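K.L.:
Got a file for you: final.pdb, PDB, C-alpha atoms and all ligand atoms.
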ATOM      1  CA  MET A 563      69.074 159.297 153.128
ATOM      2  CA  THR A 564      68.434 159.562 156.867
ATOM      3  CA  GLN A 565      68.742 156.534 159.136
ATOM      4  CA  THR A 566      64.936 156.587 159.556
ATOM      5  CA  GLN A 567      64.456 156.478 155.781
ATOM      6  CA  GLU A 568      66.917 153.583 155.605
ATOM      7  CA  LYS A 569      64.971 151.723 158.295
ATOM      8  CA  ASN A 570      61.695 152.456 156.505
ATOM      9  CA  ALA A 571      63.118 151.086 153.285
ATOM     10  CA  GLN A 572      64.104 147.917 155.111
ATOM     11  CA  ALA A 573      60.752 147.689 156.934
ATOM     12  CA  SER A 574      58.792 148.095 153.690
ATOM     13  CA  GLY A 575      60.419 144.872 152.549
ATOM     14  CA  SER A 576      61.855 146.390 149.376
ATOM     15  CA  ALA A 577      64.195 143.993 147.608
ATOM     16  CA  ASN A 578      67.153 146.336 147.938
ATOM     17  CA  THR A 579      67.949 148.477 150.937
ATOM     18  CA  LEU A 580      68.989 151.941 149.875
ATOM     19  CA  VAL A 581      72.270 152.947 151.451
ATOM     20  CA  SER A 582      73.809 156.394 151.358
ATOM     21  CA  HIS A 583      77.587 156.246 150.724
ATOM     22  CA  SER A 584      80.108 158.985 151.231
ATOM     23  CA  VAL A 585      81.910 159.194 147.844
ATOM     24  CA  TRP A 586      83.179 162.581 146.577
ATOM     25  CA  ASP A 587      85.239 164.361 149.238
ATOM     26  CA  ARG A 588      85.220 168.147 149.697
ATOM     27  CA  GLY A 589      88.451 168.644 147.707
ATOM     28  CA  THR A 590      87.036 166.849 144.659
ATOM     29  CA  ARG A 591      83.716 168.740 144.781
ATOM     30  CA  LEU A 592      85.439 172.081 145.196
ATOM     31  CA  PHE A 593      87.700 171.376 142.209
ATOM     32  CA  HIS A 594      84.743 170.242 140.090
ATOM     33  CA  TRP A 595      82.579 173.341 140.575
ATOM     34  CA  ILE A 596      85.446 175.863 140.363
ATOM     35  CA  ASN A 597      86.452 174.113 137.135
ATOM     36  CA  VAL A 598      82.900 174.326 135.731
ATOM     37  CA  VAL A 599      82.706 178.080 136.447
ATOM     38  CA  CYS A 600      86.193 178.713 135.010
ATOM     39  CA  VAL A 601      85.664 176.659 131.821
ATOM     40  CA  LEU A 602      82.322 178.353 131.160
ATOM     41  CA  SER A 603      83.774 181.849 131.713
ATOM     42  CA  LEU A 604      86.873 181.038 129.641
ATOM     43  CA  ALA A 605      84.729 179.679 126.805
ATOM     44  CA  ILE A 606      82.542 182.809 126.783
ATOM     45  CA  LEU A 607      85.550 185.174 126.916
ATOM     46  CA  GLY A 608      87.357 183.005 124.329
ATOM     47  CA  LEU A 609      84.380 183.220 121.952
ATOM     48  CA  ALA A 610      84.367 187.017 122.413
ATOM     49  CA  ILE A 611      88.115 187.130 121.548
ATOM     50  CA  LEU A 612      87.487 184.920 118.531
ATOM     51  CA  ASN A 613      84.644 187.131 117.264
ATOM     52  CA  GLU A 614      86.088 190.498 118.249
ATOM     53  CA  LYS A 615      85.762 191.890 114.701
ATOM     54  CA  ALA A 616      82.100 190.897 114.434
ATOM     55  CA  PHE A 617      81.462 192.515 117.852
ATOM     56  CA  GLY A 618      83.351 195.705 116.817
ATOM     57  CA  VAL A 619      85.766 195.430 119.776
ATOM     58  CA  SER A 620      88.445 198.169 119.841
ATOM     59  CA  ALA A 621      92.183 197.373 120.126
ATOM     60  CA  ALA A 622      92.113 198.311 123.831
ATOM     61  CA  GLY A 623      88.938 196.258 124.331
ATOM     62  CA  LYS A 624      90.674 193.264 122.775
ATOM     63  CA  VAL A 625      93.614 193.559 125.197
ATOM     64  CA  LEU A 626      91.111 193.859 128.076
ATOM     65  CA  LEU A 627      89.222 190.729 126.936
ATOM     66  CA  LYS A 628      92.469 188.763 126.629
ATOM     67  CA  THR A 629      93.679 190.032 130.025
ATOM     68  CA  LEU A 630      90.398 189.035 131.713
ATOM     69  CA  HIS A 631      90.579 185.656 129.968
ATOM     70  CA  ALA A 632      94.164 185.189 131.201
ATOM     71  CA  TYR A 633      93.241 186.076 134.821
ATOM     72  CA  VAL A 634      90.389 183.549 134.846
ATOM     73  CA  GLY A 635      92.856 181.182 133.157
ATOM     74  CA  TYR A 636      95.232 181.486 136.139
ATOM     75  CA  VAL A 637      92.438 180.476 138.530
ATOM     76  CA  PHE A 638      91.598 177.578 136.206
ATOM     77  CA  ALA A 639      95.258 176.458 136.002
ATOM     78  CA  VAL A 640      95.822 176.674 139.778
ATOM     79  CA  ASN A 641      92.594 174.708 140.372
ATOM     80  CA  LEU A 642      93.799 172.033 137.946
ATOM     81  CA  GLY A 643      97.174 171.908 139.735
ATOM     82  CA  TRP A 644      95.325 171.508 143.011
ATOM     83  CA  ARG A 645      93.401 168.539 141.575
ATOM     84  CA  ILE A 646      96.684 166.834 140.660
ATOM     85  CA  ALA A 647      97.871 167.189 144.253
ATOM     86  CA  TRP A 648      94.479 165.968 145.497
ATOM     87  CA  ALA A 649      94.776 162.837 143.349
ATOM     88  CA  PHE A 650      97.671 161.834 145.664
ATOM     89  CA  ILE A 651      96.130 162.796 149.004
ATOM     90  CA  GLY A 652      92.331 162.750 148.581
ATOM     91  CA  ASN A 653      90.022 159.885 149.568
ATOM     92  CA  ARG A 654      90.066 156.611 147.648
ATOM     93  CA  HIS A 655      87.589 157.851 145.004
ATOM     94  CA  ALA A 656      89.681 160.978 144.347
ATOM     95  CA  ARG A 657      92.934 159.121 143.622
ATOM     96  CA  TRP A 658      94.562 158.396 140.266
ATOM     97  CA  SER A 659      93.880 154.664 140.552
ATOM     98  CA  ALA A 660      90.144 155.346 140.899
ATOM     99  CA  ILE A 661      89.719 158.077 138.284
ATOM    100  CA  LEU A 662      91.912 156.888 135.383
ATOM    101  CA  PRO A 663      91.427 153.790 133.222
ATOM    102  CA  PHE A 664      94.853 152.302 134.012
ATOM    103  CA  ARG A 665      94.046 150.096 136.993
ATOM    104  CA  SER A 666      94.960 146.447 136.317
ATOM    105  CA  GLY A 667      91.995 144.546 134.919
ATOM    106  CA  PHE A 668      90.411 147.698 133.465
ATOM    107  CA  GLY A 669      89.844 146.079 130.042
ATOM    108  CA  ALA A 670      87.920 143.155 131.567
ATOM    109  CA  GLU A 671      85.946 145.537 133.788
ATOM    110  CA  LEU A 672      84.976 147.678 130.792
ATOM    111  CA  ARG A 673      83.896 144.609 128.787
ATOM    112  CA  ALA A 674      81.823 143.328 131.729
ATOM    113  CA  TYR A 675      80.210 146.755 132.147
ATOM    114  CA  LEU A 676      79.363 147.019 128.440
ATOM    115  CA  ALA A 677      78.035 143.452 128.389
ATOM    116  CA  THR A 678      75.281 144.432 130.829
ATOM    117  CA  TRP A 679      74.503 147.614 128.876
ATOM    118  CA  SER A 680      71.779 146.046 126.699
ATOM    119  CA  THR A 681      69.923 144.755 129.782
ATOM    120  CA  GLY A 682      68.999 148.363 130.623
ATOM    121  CA  HIS A 683      70.521 148.036 134.082
ATOM    122  CA  THR A 684      74.222 148.308 134.825
ATOM    123  CA  ARG A 685      75.671 147.658 138.257
ATOM    124  CA  PRO A 686      76.207 150.949 140.086
ATOM    125  CA  TYR A 687      79.673 152.202 140.992
ATOM    126  CA  LEU A 688      80.586 154.260 144.044
ATOM    127  CA  GLY A 689      83.226 156.172 142.082
ATOM    128  CA  HIS A 690      83.445 156.398 138.281
ATOM    129  CA  ASN A 691      82.200 153.479 136.189
ATOM    130  CA  PRO A 692      84.636 152.287 133.442
ATOM    131  CA  LEU A 693      83.142 154.599 130.800
ATOM    132  CA  GLY A 694      83.350 157.461 133.303
ATOM    133  CA  ARG A 695      87.056 156.780 133.831
ATOM    134  CA  LEU A 696      87.686 156.981 130.068
ATOM    135  CA  MET A 697      85.822 160.296 130.048
ATOM    136  CA  VAL A 698      87.880 161.634 132.979
ATOM    137  CA  LEU A 699      91.078 160.782 131.060
ATOM    138  CA  LEU A 700      89.860 162.608 127.954
ATOM    139  CA  LEU A 701      88.733 165.664 129.947
ATOM    140  CA  LEU A 702      91.987 165.869 131.929
ATOM    141  CA  VAL A 703      94.128 165.643 128.763
ATOM    142  CA  LEU A 704      92.080 168.439 127.146
ATOM    143  CA  LEU A 705      92.101 170.617 130.289
ATOM    144  CA  PHE A 706      95.876 170.235 130.679
ATOM    145  CA  SER A 707      96.461 171.063 127.015
ATOM    146  CA  GLN A 708      94.316 174.185 127.386
ATOM    147  CA  ALA A 709      96.161 175.259 130.551
ATOM    148  CA  ALA A 710      99.616 174.684 128.970
ATOM    149  CA  THR A 711      98.869 176.452 125.666
ATOM    150  CA  GLY A 712      96.951 179.245 127.469
ATOM    151  CA  LEU A 713      99.864 179.956 129.821
ATOM    152  CA  ILE A 714     102.197 180.260 126.804
ATOM    153  CA  LEU A 715      99.725 182.562 124.989
ATOM    154  CA  ALA A 716      99.412 184.845 128.034
ATOM    155  CA  GLY A 717     103.153 185.414 127.621
ATOM    156  CA  THR A 718     103.227 185.909 123.846
ATOM    157  CA  ASP A 719     100.636 188.655 123.492
ATOM    158  CA  LEU A 720     100.193 190.150 126.941
ATOM    159  CA  TYR A 721     103.720 189.536 128.308
ATOM    160  CA  LYS A 722     102.196 188.011 131.429
ATOM    161  CA  PRO A 723     103.631 185.255 133.670
ATOM    162  CA  PRO A 724     104.916 182.614 133.665
ATOM    163  CA  PHE A 725     106.673 183.167 130.281
ATOM    164  CA  GLY A 726     105.917 186.858 129.596
ATOM    165  CA  GLY A 727     109.255 188.128 130.948
ATOM    166  CA  ALA A 728     111.303 185.853 128.690
ATOM    167  CA  ILE A 729     109.107 186.614 125.669
ATOM    168  CA  ALA A 730     109.338 190.379 126.260
ATOM    169  CA  GLU A 731     113.158 190.000 126.304
ATOM    170  CA  TRP A 732     112.927 188.016 123.067
ATOM    171  CA  VAL A 733     110.872 190.561 121.080
ATOM    172  CA  THR A 734     112.889 193.568 122.335
ATOM    173  CA  GLU A 735     116.224 191.726 122.080
ATOM    174  CA  GLY A 736     116.770 192.707 125.706
ATOM    175  CA  ASP A 737     116.963 196.444 124.967
ATOM    176  CA  PRO A 738     116.116 198.116 128.336
ATOM    177  CA  ASP A 739     114.399 201.135 126.703
ATOM    178  CA  ARG A 740     112.202 198.971 124.487
ATOM    179  CA  LEU A 741     111.453 196.670 127.446
ATOM    180  CA  ARG A 742     110.303 199.581 129.589
ATOM    181  CA  GLN A 743     107.952 200.925 126.905
ATOM    182  CA  LEU A 744     106.632 197.584 125.627
ATOM    183  CA  GLN A 745     102.803 197.418 125.816
ATOM    184  CA  PRO A 746     100.543 194.315 125.752
ATOM    185  CA  GLY A 747      99.016 193.701 122.320
ATOM    186  CA  SER A 748     101.117 196.430 120.658
ATOM    187  CA  GLN A 749     103.870 196.110 118.066
ATOM    188  CA  GLU A 750     105.484 199.400 119.035
ATOM    189  CA  HIS A 751     108.955 199.115 120.607
ATOM    190  CA  VAL A 752     109.539 195.539 119.386
ATOM    191  CA  VAL A 753     112.403 194.498 117.090
ATOM    192  CA  GLY A 754     110.618 193.507 113.857
ATOM    193  CA  SER A 755     112.565 190.328 113.034
ATOM    194  CA  ALA A 756     112.442 189.029 116.632
ATOM    195  CA  TYR A 757     108.714 189.789 116.827
ATOM    196  CA  ASP A 758     108.098 187.849 113.576
ATOM    197  CA  GLU A 759     110.009 184.866 114.996
ATOM    198  CA  MET A 760     107.893 185.020 118.150
ATOM    199  CA  ARG A 761     104.685 185.138 116.066
ATOM    200  CA  ALA A 762     105.815 182.098 114.074
ATOM    201  CA  PHE A 763     106.468 180.239 117.345
ATOM    202  CA  ARG A 764     103.059 181.334 118.684
ATOM    203  CA  LYS A 765     101.013 180.272 115.641
ATOM    204  CA  PRO A 766     100.803 176.507 116.319
ATOM    205  CA  VAL A 767     100.161 177.247 119.995
ATOM    206  CA  VAL A 768      97.129 179.439 119.278
ATOM    207  CA  THR A 769      95.863 176.913 116.712
ATOM    208  CA  THR A 770      96.153 174.102 119.291
ATOM    209  CA  HIS A 771      94.398 176.274 121.918
ATOM    210  CA  LEU A 772      91.525 176.872 119.476
ATOM    211  CA  TYR A 773      91.076 173.245 118.381
ATOM    212  CA  VAL A 774      91.361 171.936 121.933
ATOM    213  CA  PHE A 775      88.652 174.476 122.835
ATOM    214  CA  TYR A 776      86.319 172.870 120.243
ATOM    215  CA  LEU A 777      87.212 169.368 121.446
ATOM    216  CA  LEU A 778      86.698 170.396 125.072
ATOM    217  CA  MET A 779      83.257 171.808 124.317
ATOM    218  CA  ALA A 780      82.305 168.554 122.540
ATOM    219  CA  ALA A 781      83.731 166.457 125.406
ATOM    220  CA  SER A 782      81.855 168.572 127.987
ATOM    221  CA  VAL A 783      78.553 167.934 126.161
ATOM    222  CA  LEU A 784      79.387 164.210 126.030
ATOM    223  CA  HIS A 785      80.228 164.291 129.757
ATOM    224  CA  ILE A 786      76.838 165.858 130.580
ATOM    225  CA  ILE A 787      75.017 163.322 128.368
ATOM    226  CA  GLY A 788      76.974 160.524 130.102
ATOM    227  CA  VAL A 789      75.929 161.783 133.536
ATOM    228  CA  ILE A 790      72.246 161.986 132.478
ATOM    229  CA  VAL A 791      72.286 158.495 130.921
ATOM    230  CA  GLY A 792      74.199 157.100 133.946
ATOM    231  CA  GLU A 793      71.658 158.631 136.298
ATOM    232  CA  PHE A 794      68.756 157.024 134.445
ATOM    233  CA  ARG A 795      70.448 153.617 134.451
ATOM    234  CA  GLU A 796      71.974 153.540 137.938
ATOM    235  CA  ARG A 797      69.591 155.888 139.787
ATOM    236  CA  SER A 798      72.285 156.693 142.340
ATOM    237  CA  GLY A 799      71.893 160.489 142.451
ATOM    238  CA  LEU A 800      74.954 161.260 140.304
ATOM    239  CA  VAL A 801      74.293 164.996 140.036
ATOM    240  CA  SER A 802      73.429 165.644 143.680
ATOM    241  CA  ALA A 803      76.442 163.482 144.651
ATOM    242  CA  MET A 804      78.750 166.194 143.272
ATOM    243  CA  ILE A 805      77.031 168.638 145.658
ATOM    244  CA  SER A 806      76.443 166.534 148.788
ATOM    245  CA  GLY A 807      79.296 164.082 148.206
ATOM    246  CA  ARG A 808      76.932 161.122 148.754
ATOM    247  CA  LYS A 809      75.488 158.470 146.431
ATOM    248  CA  VAL A 810      72.383 156.468 147.319
ATOM    249  CA  ILE A 811      72.615 152.888 146.049
ATOM    250  CA  GLY A 812      70.271 149.935 146.480
ATOM    251  CA  GLU A 813      72.673 147.118 145.644
ATOM    252  CA  ALA A 814      76.287 146.183 146.280
ATOM    253  CA  PRO A 815      78.438 148.646 144.300
ATOM    254  CA  ALA A 816      80.773 147.130 141.711
ATOM    255  CA  ASP A 817      83.794 148.999 143.074
ATOM    256  CA  GLY A 818      83.445 148.623 146.799
ATOM    257  CA  ASP A 819      82.574 146.486 149.718
ATOM    258  CA  LEU A 820      79.085 147.535 150.826
ATOM    259  CA  ALA A 821      79.690 146.705 154.462
ATOM    260  CA  ALA A 822      82.886 148.726 154.546
ATOM    261  CA  SER A 823      81.127 151.632 152.881
ATOM    262  CA  SER A 824      78.224 151.494 155.268
ATOM    263  CA  ALA A 825      80.669 151.484 158.156
ATOM    264  CA  GLU A 826      82.394 154.506 156.594
ATOM    265  CA  ASN A 827      78.916 156.008 156.372
ATOM    266  CA  ARG A 828      78.128 155.671 160.021
ATOM    267  CA  SER A 829      81.485 157.081 161.138
TER     268      SER A 829
HETATM  269  C1  LIG B 901      89.194 175.571 129.486
HETATM  270  C2  LIG B 901      90.083 176.501 129.357
HETATM  271  C3  LIG B 901      90.145 177.480 128.218
HETATM  272  C4  LIG B 901      89.309 177.691 127.158
HETATM  273  C5  LIG B 901      88.001 176.980 126.864
HETATM  274  C6  LIG B 901      89.885 178.736 126.356
HETATM  275  C7  LIG B 901      89.352 179.231 125.176
HETATM  276  C8  LIG B 901      89.956 180.171 124.379
HETATM  277  C9  LIG B 901      89.497 180.583 123.075
HETATM  278  C10 LIG B 901      88.281 180.017 122.337
HETATM  279  C11 LIG B 901      90.350 181.537 122.607
HETATM  280  C12 LIG B 901      90.293 182.253 121.251
HETATM  281  C13 LIG B 901      91.308 181.557 120.342
HETATM  282  C14 LIG B 901      91.750 182.405 119.193
HETATM  283  O1  LIG B 901      91.851 183.624 119.343
HETATM  284  O2  LIG B 901      92.040 181.819 118.136
HETATM  285  C15 LIG B 901      91.347 181.750 123.631
HETATM  286  C16 LIG B 901      92.384 182.650 123.543
HETATM  287  C17 LIG B 901      93.284 182.880 124.550
HETATM  288  N1  LIG B 901      93.442 182.167 125.707
HETATM  289 FE1  LIG B 901      92.266 180.686 126.317
HETATM  290  N2  LIG B 901      91.053 179.154 126.950
HETATM  291  C18 LIG B 901      91.240 178.412 128.090
HETATM  292  C19 LIG B 901      92.293 178.481 128.988
HETATM  293  C20 LIG B 901      93.244 179.482 128.976
HETATM  294  C21 LIG B 901      94.265 179.662 129.992
HETATM  295  C22 LIG B 901      94.494 178.748 131.196
HETATM  296  C23 LIG B 901      94.972 180.779 129.647
HETATM  297  C24 LIG B 901      96.137 181.414 130.347
HETATM  298  C25 LIG B 901      96.250 181.661 131.590
HETATM  299  C26 LIG B 901      94.434 181.253 128.383
HETATM  300  C27 LIG B 901      94.915 182.334 127.671
HETATM  301  C28 LIG B 901      94.460 182.740 126.441
HETATM  302  C29 LIG B 901      94.971 183.875 125.718
HETATM  303  C30 LIG B 901      96.100 184.795 126.160
HETATM  304  C31 LIG B 901      94.241 183.950 124.518
HETATM  305  C32 LIG B 901      94.402 184.971 123.401
HETATM  306  C33 LIG B 901      95.108 184.341 122.260
HETATM  307  C34 LIG B 901      95.250 185.338 121.169
HETATM  308  O3  LIG B 901      96.038 186.258 121.360
HETATM  309  O4  LIG B 901      94.597 185.203 120.128
HETATM  310  N3  LIG B 901      93.395 180.450 128.013
HETATM  311  N4  LIG B 901      91.102 180.885 124.681
END
Write out the structure in this file as structure tokens.
Ligand code: HEM

P.N.:
Amino acid sequence: MTQTQEKNAQASGSANTLVSHSVWDRGTRLFHWINVVCVLSLAILGLAILNEKAFGVSAAGKVLLKTLHAYVGYVFAVNLGWRIAWAFIGNRHARWSAILPFRSGFGAELRAYLATWSTGHTRPYLGHNPLGRLMVLLLLVLLFSQAATGLILAGTDLYKPPFGGAIAEWVTEGDPDRLRQLQPGSQEHVVGSAYDEMRAFRKPVVTTHLYVFYLLMAASVLHIIGVIVGEFRERSGLVSAMISGRKVIGEAPADGDLAASSAENRS
């Protein structure tokens, strides 16, 4: 909202003056949209890997799909690592205390938020509301699980970093000739018993990766529904805020001092 629009809102005598607050900093927005693109691409490539037989994918095509998936996975994992760092150095809405449900008094805050739910209007938050913080926790746990299991899987089948070197040593029992000739996705040049051990180790990892994928897809749908419902109730421009970084609110936000925010706004 421009200053003129703000003045007009005041002049029109509306009960609440709309104020535009700077909320999501550039680091948070960058993480969010890179993460969206990566998760979508990984889900599509993952579904292709999962249904390779139905799609008639050749053995080489399967290795290519997995390799592409792993490369996007590296971008996804680095972006997630960057978000962890940002939670220590970003603005106050980007920090752990603001995004996770562990701040002291969270239980009371959640109960107060839910108590106003039936009225059809909940007090707007600058950052995440209490339900939003629970959702962030769930999403982060699922994203981290996917990154951890994915990085292990990239080593077990494709012999790619960070664990591929050690796993290649394992399945070839360190034989230099076998190591040199070892190919991703192939059982040639492996030592049978060591390879079977590696596959047994890998099994629960791939199962976890698959089930976390399903949970993540369900949580992503829930997240989108939450944003839509939140937007209808708070009317603070939740979606555009993740693009512009700003929320437009007509009353004192529950998680901030309006005057301080307005001052931050004018700076
Ligand atoms: C949101 C993130 C991710 C999603 C939604 C996702 C999804 C999937 C899905 C659905 C599969 C097929 C599972 C199966 O074959 O049973 C898969 C396989 C795989 N993923 Fe991911 N993944 C993600 C992140 C990653 C990351 C970060 C990496 C590594 C850098 C990775 C590496 C792999 C590999 C190597 C496979 C092949 C497993 C196999 O050999 O069957 N994934 N992923």

K.L.:
Just checking: using only C-alpha atoms and all ligand atoms, which residue out of A:Ile729, A:Met760, A:Leu701, A:Leu772 ends up closest to ligand LIG 901 (chain B)?

P.N.:
A:Leu772

K.L.:
Please report as a Markdown table every residue of chain A lying within 8 Å of ligand LIG 901 (chain B), along with the nearest atom pair and their distance in Å (one decimal), using only C-alpha atoms and all ligand atoms.

P.N.:
| residue | atom | partner | partner_atom | distance |
| --- | --- | --- | --- | --- |
| A:Cys600 | CA | B:LIG901 | C1 | 7.0 |
| A:Val601 | CA | B:LIG901 | C1 | 4.4 |
| A:Leu602 | CA | B:LIG901 | C5 | 7.3 |
| A:Leu604 | CA | B:LIG901 | C4 | 4.8 |
| A:Ala605 | CA | B:LIG901 | C5 | 4.2 |
| A:Ile606 | CA | B:LIG901 | C10 | 7.8 |
| A:Leu607 | CA | B:LIG901 | C8 | 7.1 |
| A:Gly608 | CA | B:LIG901 | C9 | 3.5 |
| A:Leu609 | CA | B:LIG901 | C10 | 5.1 |
| A:Ala610 | CA | B:LIG901 | C12 | 7.7 |
| A:Ile611 | CA | B:LIG901 | C12 | 5.3 |
| A:Leu612 | CA | B:LIG901 | O1 | 4.6 |
| A:Lys628 | CA | B:LIG901 | C32 | 5.3 |
| A:Thr629 | CA | B:LIG901 | C30 | 6.9 |
| A:His631 | CA | B:LIG901 | C27 | 5.9 |
| A:Ala632 | CA | B:LIG901 | C25 | 4.1 |
| A:Tyr633 | CA | B:LIG901 | C25 | 6.2 |
| A:Val634 | CA | B:LIG901 | C25 | 7.0 |
| A:Gly635 | CA | B:LIG901 | C22 | 3.5 |
| A:Tyr636 | CA | B:LIG901 | C25 | 4.7 |
| A:Val637 | CA | B:LIG901 | C22 | 7.8 |
| A:Phe638 | CA | B:LIG901 | C22 | 5.9 |
| A:Ala639 | CA | B:LIG901 | C22 | 5.4 |
| A:Leu705 | CA | B:LIG901 | C1 | 5.8 |
| A:Gln708 | CA | B:LIG901 | C19 | 5.0 |
| A:Ala709 | CA | B:LIG901 | C22 | 3.9 |
| A:Ala710 | CA | B:LIG901 | C22 | 6.9 |
| A:Thr711 | CA | B:LIG901 | C23 | 7.1 |
| A:Gly712 | CA | B:LIG901 | C23 | 3.3 |
| A:Leu713 | CA | B:LIG901 | C24 | 4.0 |
| A:Ile714 | CA | B:LIG901 | C24 | 7.1 |
| A:Leu715 | CA | B:LIG901 | C30 | 4.4 |
| A:Ala716 | CA | B:LIG901 | C30 | 3.8 |
| A:Gly717 | CA | B:LIG901 | C30 | 7.2 |
| A:Thr718 | CA | B:LIG901 | C30 | 7.6 |
| A:Asp719 | CA | B:LIG901 | O3 | 5.6 |
| A:Leu720 | CA | B:LIG901 | C30 | 6.8 |
| A:Val768 | CA | B:LIG901 | O2 | 5.7 |
| A:Thr769 | CA | B:LIG901 | O2 | 6.4 |
| A:His771 | CA | B:LIG901 | N4 | 6.3 |
| A:Leu772 | CA | B:LIG901 | C13 | 4.8 |
| A:Val774 | CA | B:LIG901 | C5 | 7.8 |
| A:Phe775 | CA | B:LIG901 | C5 | 4.8 |
| A:Tyr776 | CA | B:LIG901 | C10 | 7.7 |
| A:Leu778 | CA | B:LIG901 | C5 | 6.9 |
| A:Met779 | CA | B:LIG901 | C5 | 7.5 |

K.L.:
Padding of 5 Å on every side, edges along x, y and z, all listed atoms of stretch 711-721 of chain A included: what centre and edge lengths in Å, to one decimal, does that box have, as AutoDock Vina command-line options?

P.N.:
--center_x 100.3 --center_y 183.3 --center_z 126.7 --size_x 16.8 --size_y 23.7 --size_z 16.3

K.L.:
Have a look at atom CA of A:Thr678 and atom CA of A:Leu777 and let me know their distance in Å, one decimal.

P.N.:
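Atom-to-atom, atom CA of A:Thr678 and atom CA of A:Leu777 are spaced 29.2 Å apart.
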
K.L.:
From the set A:Thr681, A:Trp595, A:Ala647, A:Pro686, which residue has the shortest atom-to-atom contact distance to A:Gly792, counting only C-alpha atoms?

P.N.:
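Nearest candidate to A:Gly792 out of A:Thr681, A:Trp595, A:Ala647, A:Pro686: A:Pro686.
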
K.L.:
Write out as a VMD selection string the residues lying within 8 Å of stretch 660-673 of chain A, counting only C-alpha atoms and excluding same-chain residues fewer than 2 positions away.

P.N.:
chain A and resid 654 to 658 675 to 677 689 to 690 692 to 693 695 to 696 698 to 699

K.L.:
Given the point (115.0, 195.4, 124.9) in the coordinates of this file, which residues lie within 12 Å, counting all atoms listed in the file, and how would they look as a list in words?

P.N.:
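Residues with an atom at most 12 Å from (115.0, 195.4, 124.9): Gly727, Ala728, Ile729, Ala730, Glu731, Trp732, Val733, Thr734, Glu735, Gly736, Asp737, Pro738, Asp739, Arg740, Leu741, Arg742, Gln743, Leu744, Glu750, His751, Val752, Val753, Ala756 and Tyr757 of chain A.
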
K.L.:
Keeping only C-alpha atoms, write those residues as a PDB file, keeping the file's coordinate frame.

P.N.:
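result_25.pdb was written with the following content:
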ATOM      1  CA  GLY A 727     109.255 188.128 130.948  1.00  0.00           C
ATOM      2  CA  ALA A 728     111.303 185.853 128.690  1.00  0.00           C
ATOM      3  CA  ILE A 729     109.107 186.614 125.669  1.00  0.00           C
ATOM      4  CA  ALA A 730     109.338 190.379 126.260  1.00  0.00           C
ATOM      5  CA  GLU A 731     113.158 190.000 126.304  1.00  0.00           C
ATOM      6  CA  TRP A 732     112.927 188.016 123.067  1.00  0.00           C
ATOM      7  CA  VAL A 733     110.872 190.561 121.080  1.00  0.00           C
ATOM      8  CA  THR A 734     112.889 193.568 122.335  1.00  0.00           C
ATOM      9  CA  GLU A 735     116.224 191.726 122.080  1.00  0.00           C
ATOM     10  CA  GLY A 736     116.770 192.707 125.706  1.00  0.00           C
ATOM     11  CA  ASP A 737     116.963 196.444 124.967  1.00  0.00           C
ATOM     12  CA  PRO A 738     116.116 198.116 128.336  1.00  0.00           C
ATOM     13  CA  ASP A 739     114.399 201.135 126.703  1.00  0.00           C
ATOM     14  CA  ARG A 740     112.202 198.971 124.487  1.00  0.00           C
ATOM     15  CA  LEU A 741     111.453 196.670 127.446  1.00  0.00           C
ATOM     16  CA  ARG A 742     110.303 199.581 129.589  1.00  0.00           C
ATOM     17  CA  GLN A 743     107.952 200.925 126.905  1.00  0.00           C
ATOM     18  CA  LEU A 744     106.632 197.584 125.627  1.00  0.00           C
ATOM     19  CA  GLU A 750     105.484 199.400 119.035  1.00  0.00           C
ATOM     20  CA  HIS A 751     108.955 199.115 120.607  1.00  0.00           C
ATOM     21  CA  VAL A 752     109.539 195.539 119.386  1.00  0.00           C
ATOM     22  CA  VAL A 753     112.403 194.498 117.090  1.00  0.00           C
ATOM     23  CA  ALA A 756     112.442 189.029 116.632  1.00  0.00           C
ATOM     24  CA  TYR A 757     108.714 189.789 116.827  1.00  0.00           C
TER      25      TYR A 757
END

K.L.:
What is the atom CA of A:Tyr687 to atom CA of A:Pro815 distance in Å?

P.N.:
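That distance, rounded to one decimal, is 5.0 Å.
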
K.L.:
Please provide the set of residues having any atom within 10 Å of A:Leu688, restricted to all atoms listed in the file, with same-chain residues fewer than 2 positions apart removed, written as a list in words.

P.N.:
His583, Ser584, Val585, Trp586, His655, Pro686, His690, Asn691, Ser798, Leu800, Arg808, Lys809, Val810, Ile811, Ala814, Pro815, Ala816, Asp817, Gly818, Asp819, Leu820 and Ser823 of chain A

K.L.:
For this structure, which residues satisfy the selection - the PyMOL selection byres (((chain A and resi 642) around 8) and not hetatm) - when it is evaluated on the file as given? I want them as a PyMOL selection string.

P.N.:
chain A and resi 593+597+638-641+643-646+705-706

K.L.:
In Å, how far is it from atom CA of A:Leu704 to atom CA of A:Ala781?

P.N.:
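Distance reported for this atom pair: 8.8 Å.
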
K.L.:
From the options A:Lys624, A:Gly754, A:Met697, A:Gly618, which residue's atoms come nearest to A:Gly788, counting all atoms listed in the file?

P.N.:
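Smallest distance to A:Gly788 is found for A:Met697.
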
K.L.:
Please provide the set of residues having any atom within 8 Å of A:His594, restricted to all atoms listed in the file, with same-chain residues fewer than 4 positions apart removed, written as a list in words.

P.N.:
Thr590, Val598 and Met804 of chain A

K.L.:
Report as number ranges by chain all protein, DNA and RNA residues lying within 8 Å of A:His683, evaluated on all atoms listed in the file, omitting residues in the same chain fewer than 3 positions from it.

P.N.:
A: 678-680, 795-796
